[in-house]
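Shown next: start_6.pdb, given as PDB, C-alpha atoms.
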```pdb
ATOM      1  CA  MET A   1      20.127 164.549 -64.766  1.00  0.00           C
ATOM      2  CA  PRO A   2      23.319 162.598 -64.029  1.00  0.00           C
ATOM      3  CA  ASP A   3      26.649 164.311 -64.545  1.00  0.00           C
ATOM      4  CA  SER A   4      27.965 162.771 -67.716  1.00  0.00           C
ATOM      5  CA  SER A   5      31.531 163.944 -67.404  1.00  0.00           C
ATOM      6  CA  LEU A   6      34.077 161.197 -67.027  1.00  0.00           C
ATOM      7  CA  LYS A   7      37.384 161.472 -65.212  1.00  0.00           C
ATOM      8  CA  SER A   8      38.837 159.775 -68.280  1.00  0.00           C
ATOM      9  CA  GLU A   9      37.940 162.795 -70.409  1.00  0.00           C
ATOM     10  CA  ALA A  10      40.684 164.849 -68.759  1.00  0.00           C
ATOM     11  CA  LEU A  11      43.224 162.173 -69.653  1.00  0.00           C
ATOM     12  CA  LEU A  12      41.938 161.973 -73.222  1.00  0.00           C
ATOM     13  CA  GLU A  13      42.210 165.776 -73.478  1.00  0.00           C
ATOM     14  CA  GLN A  14      45.868 165.481 -72.425  1.00  0.00           C
ATOM     15  CA  MET A  15      46.242 162.708 -74.989  1.00  0.00           C
ATOM     16  CA  LYS A  16      45.040 165.097 -77.728  1.00  0.00           C
ATOM     17  CA  LEU A  17      47.802 167.523 -76.822  1.00  0.00           C
ATOM     18  CA  HIS A  18      50.329 164.715 -76.415  1.00  0.00           C
ATOM     19  CA  ILE A  19      49.650 163.356 -79.922  1.00  0.00           C
ATOM     20  CA  ALA A  20      50.407 166.790 -81.384  1.00  0.00           C
ATOM     21  CA  THR A  21      53.932 166.732 -79.888  1.00  0.00           C
ATOM     22  CA  ASN A  22      56.980 165.051 -81.388  1.00  0.00           C
ATOM     23  CA  ALA A  23      56.621 162.179 -78.919  1.00  0.00           C
ATOM     24  CA  GLY A  24      53.048 161.778 -80.109  1.00  0.00           C
ATOM     25  CA  LYS A  25      54.098 161.794 -83.754  1.00  0.00           C
ATOM     26  CA  GLU A  26      56.591 159.022 -82.959  1.00  0.00           C
ATOM     27  CA  LEU A  27      53.700 156.978 -81.536  1.00  0.00           C
ATOM     28  CA  THR A  28      51.642 157.359 -84.691  1.00  0.00           C
ATOM     29  CA  LYS A  29      54.635 156.224 -86.761  1.00  0.00           C
ATOM     30  CA  LYS A  30      55.394 153.322 -84.452  1.00  0.00           C
ATOM     31  CA  ILE A  31      51.859 152.052 -83.759  1.00  0.00           C
ATOM     32  CA  GLY A  32      49.705 153.197 -86.691  1.00  0.00           C
ATOM     33  CA  LEU A  33      46.496 151.675 -85.319  1.00  0.00           C
ATOM     34  CA  VAL A  34      43.040 152.969 -84.447  1.00  0.00           C
ATOM     35  CA  TYR A  35      41.492 152.298 -81.044  1.00  0.00           C
ATOM     36  CA  GLN A  36      37.945 152.939 -79.984  1.00  0.00           C
ATOM     37  CA  LEU A  37      37.253 153.346 -76.283  1.00  0.00           C
ATOM     38  CA  ASN A  38      33.798 152.829 -74.819  1.00  0.00           C
ATOM     39  CA  ILE A  39      33.939 154.328 -71.356  1.00  0.00           C
ATOM     40  CA  ALA A  40      31.042 154.075 -68.940  1.00  0.00           C
ATOM     41  CA  PRO A  41      30.662 156.276 -65.838  1.00  0.00           C
ATOM     42  CA  LYS A  42      30.049 153.357 -63.445  1.00  0.00           C
ATOM     43  CA  LYS A  43      29.094 150.089 -65.073  1.00  0.00           C
ATOM     44  CA  MET A  44      30.507 148.833 -68.360  1.00  0.00           C
ATOM     45  CA  GLY A  45      27.947 149.018 -71.161  1.00  0.00           C
ATOM     46  CA  ILE A  46      25.689 151.623 -69.506  1.00  0.00           C
ATOM     47  CA  ASP A  47      25.695 155.280 -70.635  1.00  0.00           C
ATOM     48  CA  GLU A  48      29.000 154.804 -72.398  1.00  0.00           C
ATOM     49  CA  LYS A  49      30.824 157.638 -74.054  1.00  0.00           C
ATOM     50  CA  VAL A  50      32.791 156.682 -77.120  1.00  0.00           C
ATOM     51  CA  PHE A  51      36.234 158.031 -77.921  1.00  0.00           C
ATOM     52  CA  VAL A  52      38.688 157.295 -80.682  1.00  0.00           C
ATOM     53  CA  VAL A  53      42.444 157.262 -80.228  1.00  0.00           C
ATOM     54  CA  ASP A  54      43.554 157.303 -83.857  1.00  0.00           C
ATOM     55  CA  LEU A  55      47.262 156.529 -83.997  1.00  0.00           C
ATOM     56  CA  LYS A  56      47.130 156.374 -87.788  1.00  0.00           C
ATOM     57  CA  GLU A  57      46.070 159.985 -88.299  1.00  0.00           C
ATOM     58  CA  GLY A  58      47.285 161.216 -84.917  1.00  0.00           C
ATOM     59  CA  LYS A  59      43.911 162.327 -83.531  1.00  0.00           C
ATOM     60  CA  VAL A  60      41.853 161.812 -80.402  1.00  0.00           C
ATOM     61  CA  TYR A  61      38.164 162.668 -80.459  1.00  0.00           C
ATOM     62  CA  GLU A  62      34.791 161.849 -78.987  1.00  0.00           C
ATOM     63  CA  GLY A  63      32.452 159.831 -81.167  1.00  0.00           C
ATOM     64  CA  SER A  64      32.578 156.559 -83.063  1.00  0.00           C
ATOM     65  CA  TYR A  65      35.230 155.757 -85.625  1.00  0.00           C
ATOM     66  CA  LYS A  66      34.034 155.845 -89.232  1.00  0.00           C
ATOM     67  CA  GLY A  67      35.110 152.431 -90.371  1.00  0.00           C
ATOM     68  CA  LYS A  68      36.471 149.543 -88.360  1.00  0.00           C
ATOM     69  CA  PRO A  69      38.858 150.301 -85.496  1.00  0.00           C
ATOM     70  CA  ASP A  70      41.748 147.863 -85.056  1.00  0.00           C
ATOM     71  CA  ALA A  71      40.591 147.208 -81.496  1.00  0.00           C
ATOM     72  CA  THR A  72      37.707 148.404 -79.342  1.00  0.00           C
ATOM     73  CA  PHE A  73      37.972 148.508 -75.566  1.00  0.00           C
ATOM     74  CA  SER A  74      35.151 148.785 -73.050  1.00  0.00           C
ATOM     75  CA  PHE A  75      35.841 150.044 -69.549  1.00  0.00           C
ATOM     76  CA  ALA A  76      34.231 151.681 -66.569  1.00  0.00           C
ATOM     77  CA  ASP A  77      35.702 155.161 -66.021  1.00  0.00           C
ATOM     78  CA  ASP A  78      37.843 154.300 -62.973  1.00  0.00           C
ATOM     79  CA  ASP A  79      39.183 151.105 -64.544  1.00  0.00           C
ATOM     80  CA  PHE A  80      40.221 152.945 -67.704  1.00  0.00           C
ATOM     81  CA  LEU A  81      42.102 155.484 -65.607  1.00  0.00           C
ATOM     82  CA  ALA A  82      43.792 152.722 -63.616  1.00  0.00           C
ATOM     83  CA  VAL A  83      44.988 150.986 -66.785  1.00  0.00           C
ATOM     84  CA  ALA A  84      45.980 154.190 -68.624  1.00  0.00           C
ATOM     85  CA  THR A  85      48.013 155.466 -65.677  1.00  0.00           C
ATOM     86  CA  GLY A  86      49.706 152.108 -65.119  1.00  0.00           C
ATOM     87  CA  LYS A  87      48.012 151.403 -61.761  1.00  0.00           C
ATOM     88  CA  MET A  88      46.302 148.316 -63.164  1.00  0.00           C
ATOM     89  CA  ASN A  89      48.012 145.855 -65.484  1.00  0.00           C
ATOM     90  CA  PRO A  90      46.002 145.604 -68.743  1.00  0.00           C
ATOM     91  CA  GLN A  91      46.235 141.791 -68.758  1.00  0.00           C
ATOM     92  CA  MET A  92      44.887 141.645 -65.208  1.00  0.00           C
ATOM     93  CA  ALA A  93      42.122 144.108 -66.100  1.00  0.00           C
ATOM     94  CA  PHE A  94      41.116 141.822 -68.958  1.00  0.00           C
ATOM     95  CA  ILE A  95      41.283 138.629 -66.879  1.00  0.00           C
ATOM     96  CA  ARG A  96      39.225 140.210 -64.089  1.00  0.00           C
ATOM     97  CA  GLY A  97      36.595 141.405 -66.569  1.00  0.00           C
ATOM     98  CA  LYS A  98      37.387 145.103 -65.966  1.00  0.00           C
ATOM     99  CA  MET A  99      38.158 145.547 -69.646  1.00  0.00           C
ATOM    100  CA  LYS A 100      36.525 144.023 -72.704  1.00  0.00           C
ATOM    101  CA  ILE A 101      38.287 143.865 -76.055  1.00  0.00           C
ATOM    102  CA  LYS A 102      36.850 143.441 -79.541  1.00  0.00           C
ATOM    103  CA  GLY A 103      38.977 143.236 -82.654  1.00  0.00           C
ATOM    104  CA  SER A 104      42.616 142.366 -83.171  1.00  0.00           C
ATOM    105  CA  MET A 105      44.395 140.975 -80.118  1.00  0.00           C
ATOM    106  CA  SER A 106      47.792 141.919 -81.552  1.00  0.00           C
ATOM    107  CA  ALA A 107      46.567 145.513 -81.991  1.00  0.00           C
ATOM    108  CA  ALA A 108      45.119 145.423 -78.476  1.00  0.00           C
ATOM    109  CA  GLN A 109      48.487 144.393 -77.019  1.00  0.00           C
ATOM    110  CA  LYS A 110      50.070 147.584 -78.381  1.00  0.00           C
ATOM    111  CA  PHE A 111      47.598 149.640 -76.354  1.00  0.00           C
ATOM    112  CA  THR A 112      49.735 150.118 -73.261  1.00  0.00           C
ATOM    113  CA  PRO A 113      50.159 152.858 -70.640  1.00  0.00           C
ATOM    114  CA  ASP A 114      53.219 153.986 -72.664  1.00  0.00           C
ATOM    115  CA  ILE A 115      51.011 155.605 -75.272  1.00  0.00           C
ATOM    116  CA  PHE A 116      49.441 157.916 -72.701  1.00  0.00           C
ATOM    117  CA  PRO A 117      51.056 161.119 -71.505  1.00  0.00           C
ATOM    118  CA  LYS A 118      52.334 160.805 -67.983  1.00  0.00           C
ATOM    119  CA  PRO A 119      49.611 162.396 -65.880  1.00  0.00           C
ATOM    120  CA  SER A 120      50.689 165.699 -64.385  1.00  0.00           C
ATOM    121  CA  LYS A 121      47.772 165.482 -61.998  1.00  0.00           C
ATOM    122  CA  LEU A 122      44.543 163.554 -62.245  1.00  0.00           C
TER     123      LEU A 122
END
```
Let me see the file written as structure tokens.
Amino acid sequence: MPDSSLKSEALLEQMKLHIATNAGKELTKKIGLVYQLNIAPKKMGIDEKVFVVDLKEGKVYEGSYKGKPDATFSFADDDFLAVATGKMNPQMAFIRGKMKIKGSMSAAQKFTPDIFPKPSKL
């Protein structure tokens, strides 16, 4: 059985903690949008795990959003990490097909590396 753990999960765990801090609460006030992330271990669209970064309620969890997220992103694990840690520009990721976006483009543009905690170590 393949190992289903994603490197991205560690970052999303940190995000959970980050959202509970004052800095995180500022984000929810400032952004107030819901993002769904479909992250695949290797190839986009295959064996994806779904996560929600809810910057309305200030929650991060695994599973689909009940309702309609403002924007949904699809990534392969490594590409998500590259974008979230600022190693890959989100626009370039999109242009190169490393990231797919469904939903509001204006909401999608607010999804930047700034909303992620700075990685202590990944």
Shell of 10 Å around range 15-18 of chain A, only C-alpha atoms, local chain residues under 2 positions omitted, as an NGL selection string: :A and (9-13 or 20-25 or 27 or 53 or 58-61 or 115-119)
Near-range 35-52 of chain A list (7 Å; only C-alpha atoms; drop same-chain fewer than 2 positions) as an MDAnalysis selection string: chainID A and resid 6 33 54 60:65 69:77
Quick one: 6 Å padding each side, axis-aligned, all listed atoms of range 77-82 of chain A - centre and edge lengths in Å to one decimal, as AutoDock Vina command-line options?
```
--center_x 39.7 --center_y 153.3 --center_z -65.3 --size_x 20.1 --size_y 16.4 --size_z 16.7
```
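Pairwise distance (CA of Leu55 in chain A, CA of Gly32 in chain A) equals 4.9 Å.
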